[in-house]
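Containing CSV, C-alpha atoms and all ligand atoms: my_file-v8.csv.
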chain,number,residue,atom,x,y,z
L,1,MET,CA,-3.6,-3.6,-22.9
L,2,THR,CA,-3.1,-7.0,-21.4
L,3,ASP,CA,-4.9,-8.1,-18.3
L,4,SER,CA,-2.9,-10.3,-15.9
L,5,SER,CA,-4.6,-12.9,-13.8
L,6,VAL,CA,-4.8,-12.3,-10.1
L,7,SER,CA,-7.0,-14.5,-8.0
L,8,ALA,CA,-10.2,-13.1,-6.5
L,9,PRO,CA,-10.4,-12.0,-2.9
L,10,GLN,CA,-11.0,-14.7,-0.4
L,11,SER,CA,-11.2,-12.6,2.7
L,12,LEU,CA,-13.1,-13.9,5.7
L,13,LEU,CA,-12.9,-10.5,7.4
L,14,PRO,CA,-16.1,-8.6,8.4
L,15,ALA,CA,-17.3,-6.2,5.6
L,16,GLY,CA,-15.6,-2.9,5.7
L,17,SER,CA,-12.5,-4.0,7.6
L,18,PHE,CA,-8.8,-4.4,7.2
L,19,PRO,CA,-6.6,-7.1,8.8
L,20,TYR,CA,-4.8,-5.8,11.8
L,21,ARG,CA,-1.7,-7.9,11.1
L,22,PHE,CA,-1.0,-6.0,7.9
L,23,GLY,CA,-2.6,-2.7,9.0
L,24,ARG,CA,-0.3,-2.5,12.0
L,25,ILE,CA,2.8,-2.6,9.7
L,26,VAL,CA,1.5,0.6,8.0
L,27,LEU,CA,0.8,2.3,11.3
L,28,LEU,CA,4.3,1.4,12.7
L,29,ALA,CA,5.8,2.7,9.4
L,30,TRP,CA,4.1,6.1,9.9
L,31,GLU,CA,5.2,6.1,13.5
L,32,GLU,CA,8.8,5.4,12.5
L,33,VAL,CA,8.7,8.4,10.1
L,34,LEU,CA,7.0,10.8,12.5
L,35,GLY,CA,8.3,9.7,15.9
L,36,LYS,CA,6.1,8.3,18.6
L,37,GLU,CA,4.8,11.6,20.1
L,38,ALA,CA,3.9,13.2,16.8
L,39,PHE,CA,2.2,10.0,15.6
L,40,GLU,CA,0.1,9.9,18.7
L,41,ARG,CA,-0.9,13.5,17.9
L,42,VAL,CA,-1.9,12.4,14.4
L,43,LEU,CA,-4.0,9.6,15.7
L,44,ARG,CA,-5.8,12.0,18.1
L,45,GLU,CA,-6.3,14.4,15.1
L,46,THR,CA,-8.2,11.6,13.3
L,47,GLY,CA,-10.9,12.0,16.0
L,48,ASP,CA,-11.3,8.2,16.0
L,49,PRO,CA,-10.8,6.7,19.4
L,50,GLY,CA,-11.1,3.3,17.9
L,51,LEU,CA,-8.1,3.8,15.7
L,52,GLN,CA,-6.0,5.2,18.6
L,53,ALA,CA,-7.1,2.2,20.7
L,54,ALA,CA,-6.3,-0.3,17.9
L,55,HIS,CA,-2.7,1.0,17.6
L,56,PHE,CA,-1.9,0.4,21.2
L,57,ALA,CA,-4.3,-2.5,21.9
L,58,ASP,CA,-3.1,-5.5,23.8
L,59,PRO,CA,-4.4,-8.1,23.0
L,60,ARG,CA,-4.4,-6.9,19.5
L,61,PRO,CA,-7.7,-6.8,17.5
L,62,LEU,CA,-8.1,-8.9,14.4
L,63,HIS,CA,-9.1,-6.0,12.2
L,64,PHE,CA,-9.9,-2.4,12.0
L,65,LYS,CA,-12.1,-0.4,9.7
L,66,LEU,CA,-11.2,0.2,6.1
L,67,GLU,CA,-11.3,4.0,6.5
L,68,ALA,CA,-8.4,4.0,9.0
L,69,PHE,CA,-5.5,4.8,6.7
L,70,GLY,CA,-7.5,7.5,4.9
L,71,GLN,CA,-8.2,9.1,8.3
L,72,VAL,CA,-4.4,9.1,9.1
L,73,GLU,CA,-3.6,10.6,5.6
L,74,GLY,CA,-6.3,13.3,6.2
L,75,ALA,CA,-4.9,14.1,9.7
L,76,LEU,CA,-1.3,14.4,8.2
L,77,ASP,CA,-2.6,16.9,5.6
L,78,THR,CA,-4.4,18.9,8.4
L,79,LEU,CA,-1.4,19.0,10.7
L,80,TYR,CA,1.5,19.3,8.3
L,81,GLY,CA,0.0,20.5,5.0
L,82,GLU,CA,-0.6,18.4,1.9
L,83,GLN,CA,3.0,18.5,0.5
L,84,ALA,CA,4.7,17.6,3.8
L,85,GLY,CA,2.0,15.0,4.5
L,86,ARG,CA,2.7,13.5,1.1
L,87,GLY,CA,6.4,13.2,1.8
L,88,MET,CA,5.8,11.5,5.1
L,89,SER,CA,3.5,9.0,3.6
L,90,LEU,CA,5.8,8.2,0.7
L,91,ARG,CA,8.6,7.5,3.2
L,92,ALA,CA,6.2,5.4,5.4
L,93,GLY,CA,5.2,3.4,2.3
L,94,ARG,CA,8.8,2.5,1.6
L,95,ILE,CA,9.3,1.4,5.2
L,96,ALA,CA,6.0,-0.5,5.2
L,97,LEU,CA,7.2,-2.6,2.2
L,98,ARG,CA,10.4,-3.5,4.0
L,99,LYS,CA,8.5,-4.4,7.2
L,100,GLY,CA,5.9,-6.3,5.2
L,101,LEU,CA,8.6,-8.4,3.4
L,102,ARG,CA,10.0,-9.4,6.7
L,103,GLU,CA,6.4,-10.3,7.9
L,104,ILE,CA,5.8,-12.7,5.0
L,105,ALA,CA,9.4,-13.7,4.4
L,106,GLY,CA,8.7,-17.4,5.3
L,107,ALA,CA,5.7,-17.6,3.0
L,108,LEU,CA,7.7,-15.9,0.2
L,109,THR,CA,10.6,-18.3,0.5
L,110,ALA,CA,8.2,-21.3,0.4
L,111,SER,CA,6.2,-20.0,-2.5
L,112,PRO,CA,6.9,-21.8,-5.8
L,113,GLN,CA,6.1,-18.5,-7.6
L,114,CYS,CA,8.8,-16.8,-5.8
L,115,ARG,CA,11.5,-19.4,-6.5
L,116,GLY,CA,13.6,-18.3,-9.4
L,117,LEU,CA,12.3,-14.8,-9.2
L,118,ARG,CA,15.8,-13.3,-9.0
L,119,SER,CA,16.9,-15.1,-12.2
L,120,LEU,CA,14.2,-13.6,-14.4
L,121,PRO,CA,14.9,-10.7,-16.7
L,122,LEU,CA,14.0,-7.4,-15.0
L,123,GLN,CA,10.6,-6.7,-16.7
L,124,SER,CA,9.4,-10.3,-16.0
L,125,ARG,CA,10.7,-10.0,-12.4
L,126,ILE,CA,8.7,-6.8,-11.9
L,127,LEU,CA,5.5,-8.4,-13.3
L,128,ARG,CA,5.9,-11.5,-11.2
L,129,GLY,CA,6.7,-9.4,-8.1
L,130,ALA,CA,3.5,-7.3,-8.7
L,131,GLU,CA,1.4,-10.4,-9.1
L,132,LEU,CA,2.7,-11.8,-5.8
L,133,LEU,CA,2.0,-8.6,-4.0
L,134,ALA,CA,-1.5,-8.3,-5.5
L,135,GLU,CA,-2.2,-11.9,-4.4
L,136,VAL,CA,-1.2,-11.0,-0.8
L,137,PHE,CA,-3.5,-7.9,-0.9
L,138,ASN,CA,-6.5,-9.8,-2.5
L,139,ARG,CA,-6.2,-12.8,-0.3
L,140,ASN,CA,-6.0,-11.0,3.0
L,141,SER,CA,-8.5,-8.1,2.7
L,142,GLU,CA,-11.4,-6.7,0.9
L,143,GLN,CA,-9.1,-4.8,-1.5
L,144,VAL,CA,-9.5,-5.8,-5.1
L,145,VAL,CA,-6.3,-5.4,-7.2
L,146,ARG,CA,-6.2,-5.8,-11.0
L,147,LEU,CA,-3.0,-5.7,-13.0
L,148,ALA,CA,-2.5,-4.8,-16.6
L,149,THR,CA,0.4,-3.8,-18.9
L,150,GLU,CA,0.3,-0.8,-21.2
L,151,GLY,CA,3.3,0.0,-23.4
L,152,GLY,CA,6.3,-0.1,-21.1
L,153,SER,CA,4.3,0.4,-18.0
L,154,LEU,CA,2.5,-1.8,-15.4
L,155,LEU,CA,-0.9,-0.6,-14.3
L,156,TRP,CA,-2.0,-1.5,-10.8
L,157,THR,CA,-5.8,-0.8,-10.3
L,158,HIS,CA,-7.0,-0.9,-6.7
L,159,GLU,CA,-10.8,-1.0,-6.0
L,160,ARG,CA,-11.9,-0.4,-2.4
L,161,CYS,CA,-8.5,1.2,-1.8
L,162,PRO,CA,-7.9,1.4,2.0
L,163,TYR,CA,-5.5,4.3,1.6
L,164,CYS,CA,-8.3,6.7,0.5
L,165,PHE,CA,-11.5,4.8,1.4
L,166,GLY,CA,-14.0,7.4,2.7
L,167,ARG,CA,-11.9,10.4,1.7
L,168,HIS,CA,-12.8,13.3,-0.7
L,169,THR,CA,-9.9,15.2,-2.1
L,170,GLN,CA,-9.0,17.5,-5.0
L,171,ARG,CA,-5.9,15.5,-6.0
L,172,ALA,CA,-4.8,11.9,-6.0
L,173,CYS,CA,-3.9,11.1,-2.4
L,174,CYS,CA,-2.8,7.4,-2.0
L,175,HIS,CA,0.8,8.5,-1.4
L,176,LEU,CA,1.7,5.6,1.0
L,177,LEU,CA,1.0,3.1,-1.8
L,178,VAL,CA,3.2,5.0,-4.2
L,179,GLY,CA,6.1,4.8,-1.7
L,180,THR,CA,5.4,1.0,-1.3
L,181,PHE,CA,5.6,0.5,-5.0
L,182,GLN,CA,8.8,2.6,-5.3
L,183,GLU,CA,10.4,0.4,-2.6
L,184,GLY,CA,9.1,-2.8,-4.1
L,185,LEU,CA,10.6,-1.9,-7.5
L,186,ALA,CA,13.9,-1.0,-5.9
L,187,TRP,CA,13.8,-4.4,-4.1
L,188,LEU,CA,13.1,-6.3,-7.3
L,189,SER,CA,15.8,-4.5,-9.3
L,190,GLY,CA,18.6,-4.4,-6.8
L,191,GLY,CA,18.2,-0.8,-5.8
L,192,LYS,CA,17.2,1.0,-9.1
L,193,HIS,CA,14.6,3.9,-9.2
L,194,PHE,CA,11.5,3.8,-11.3
L,195,ALA,CA,8.8,6.4,-12.1
L,196,VAL,CA,5.6,5.6,-10.2
L,197,GLU,CA,2.5,7.8,-10.5
L,198,GLU,CA,-1.1,7.6,-9.2
L,199,VAL,CA,-3.1,8.4,-12.4
L,200,SER,CA,-6.6,8.0,-10.9
L,201,CYS,CA,-7.9,8.1,-7.4
L,202,SER,CA,-11.3,7.2,-5.9
L,203,ALA,CA,-11.0,10.0,-3.4
L,204,ARG,CA,-11.2,12.6,-6.1
L,205,GLY,CA,-14.2,10.8,-7.8
L,206,ASP,CA,-12.4,8.4,-10.2
L,207,PRO,CA,-13.9,4.9,-10.4
L,208,ALA,CA,-10.8,3.3,-8.8
L,209,CYS,CA,-7.2,4.1,-7.8
L,210,THR,CA,-4.8,3.3,-10.6
L,211,PHE,CA,-1.0,3.5,-10.4
L,212,ARG,CA,1.3,3.6,-13.4
L,213,MET,CA,4.8,2.1,-12.8
L,214,ALA,CA,7.5,2.2,-15.4
L,215,THR,CA,9.1,-1.2,-15.9
L,216,ALA,CA,12.4,0.3,-17.1
L,217,PRO,CA,14.5,2.2,-14.5
L,218,LEU,CA,15.2,5.9,-14.5
L,219,THR,CA,18.7,6.7,-15.8
Q,1,ZN,ZN,-6.8,5.1,-3.1

What's the structure tokens form of this structure?
Amino acid sequence: MTDSSVSAPQSLLPAGSFPYRFGRIVLLAWEEVLGKEAFERVLRETGDPGLQAAHFADPRPLHFKLEAFGQVEGALDTLYGEQAGRGMSLRAGRIALRKGLREIAGALTASPQCRGLRSLPLQSRILRGAELLAEVFNRNSEQVVRLATEGGSLLWTHERCPYCFGRHTQRACCHLLVGTFQEGLAWLSGGKHFAVEEVSCSARGDPACTFRMATAPLT
């Protein structure tokens, strides 16, 4: 296994929080999948008035707590069942990646690391793309992402994962991030599909959340 270098987190956010600028992208993605009324019901189901207020706040807050996404995932499971909730979060994750790319499009274009990305061979392009995304996560929040390669796969390990922080589940549950990776790989490869699996999850007692992504597309 080869570890890849990703810079350490440099967040200035209060402990246990997540930046609203990026968090709102995720909330809006869920809202797009569910529709406004149904998503409001999900937010009420979380039982967290702070999260409901943050979604609609004006002026917008700078951050919300790290448990927020896990609360939404839990409310989806309660209201729609685990399987349907998983499908909704996978779709929301794909939408969030597209929204996120638009949010950081300027920074991406200006980034020297991003220049020439499209001309790299596919596997190198995927590794470079994952490094760029991990940098965004590490720089802007308390999340700690480590990357490694193993055989023909890329391993993304996420400590203090905001998609399950504070949750206790029987099965791996960070579905939104799986959807985000699926869409990211499609974006990097010009629309191809790749196997992505969450192989360990903090919510079910593993030390961290780890995702295995194939770097060769499905046929
Ligand atoms: Zn997780």

List as an NGL selection string: which residues have an atom within 7 Å of (3.3, -14.2, -2.7), counting all atoms listed in the file? :L and (108 or 111 or 114 or 132-133 or 135-136)

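Each of L:Leu117, L:Ala214, L:Leu122, L:Leu176 was checked against Glu150 (chain L) using all atoms listed in the file; the smallest atom-to-atom distance is that of L:Ala214.
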
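Counting only C-alpha atoms, region 172-175 of chain L has the following residues at most 6 Å away, ignoring those fewer than 3 positions along the same chain: Arg86, Ser89, Leu90, Tyr163, Val178 and Cys201 of chain L.
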
Exercise answer, 9 Å around ligand ZN 1 (chain Q) with all atoms listed in the file, as a VMD selection string: chain L and resid 70 158 to 165 167 172 to 175 177 198 200 to 203 208 to 210

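We find CA of Val72 (chain L) and CA of Arg44 (chain L) to be spaced 9.6 Å apart.
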
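The spacing separating CA of Leu76 (chain L) from CA of Phe56 (chain L) amounts to 19.1 Å.
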
Could you tell me, as a PyMOL selection string, which residues have any atom at most 10 Å from (-2.4, 13.6, 14.0), counting all atoms listed in the file? chain L and resi 34+37-47+71-80

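Neighbouring residues of Ile95 (chain L) at 8 Å or closer, counting only C-alpha atoms and skipping chain neighbours under 3 positions away, are Ala29, Arg91, Ala92, Arg98, Lys99, Thr180 and Glu183 of chain L.
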
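Atom to atom, CA of Arg94 (chain L) and CA of Val33 (chain L) stand 10.3 Å apart.
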
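Counting only C-alpha atoms, the residue from L:Ala134, L:Leu155, L:Leu188, L:Leu218 that sits nearest to Pro121 (chain L) is L:Leu188.
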
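In terms of minimum interatomic distance to Phe194 (chain L), L:Gln123 ranks closest within L:Gln170, L:Asn138, L:Thr149, L:Gln123, counting all atoms listed in the file.
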
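Shortest separation to Arg125 (chain L) among L:Gly16, L:Gly184, L:Pro61, L:Gly35 occurs at residue L:Gly184, atoms counted being all atoms listed in the file.
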
Of the residues L:Gly151, L:Gly190, L:Pro217, L:Pro19, which is the one nearest to Leu66 (chain L), using all atoms listed in the file? L:Pro19

Nearest to Leu101 (chain L), restricted to all atoms listed in the file and choosing among L:Gly129, L:Phe69, L:Ala54, L:Ser189, comes out as L:Gly129

Write out as a count of residues only the residues lying within 12 Å of Leu62 (chain L), counting all atoms listed in the file and excluding same-chain residues fewer than 6 positions away. 15
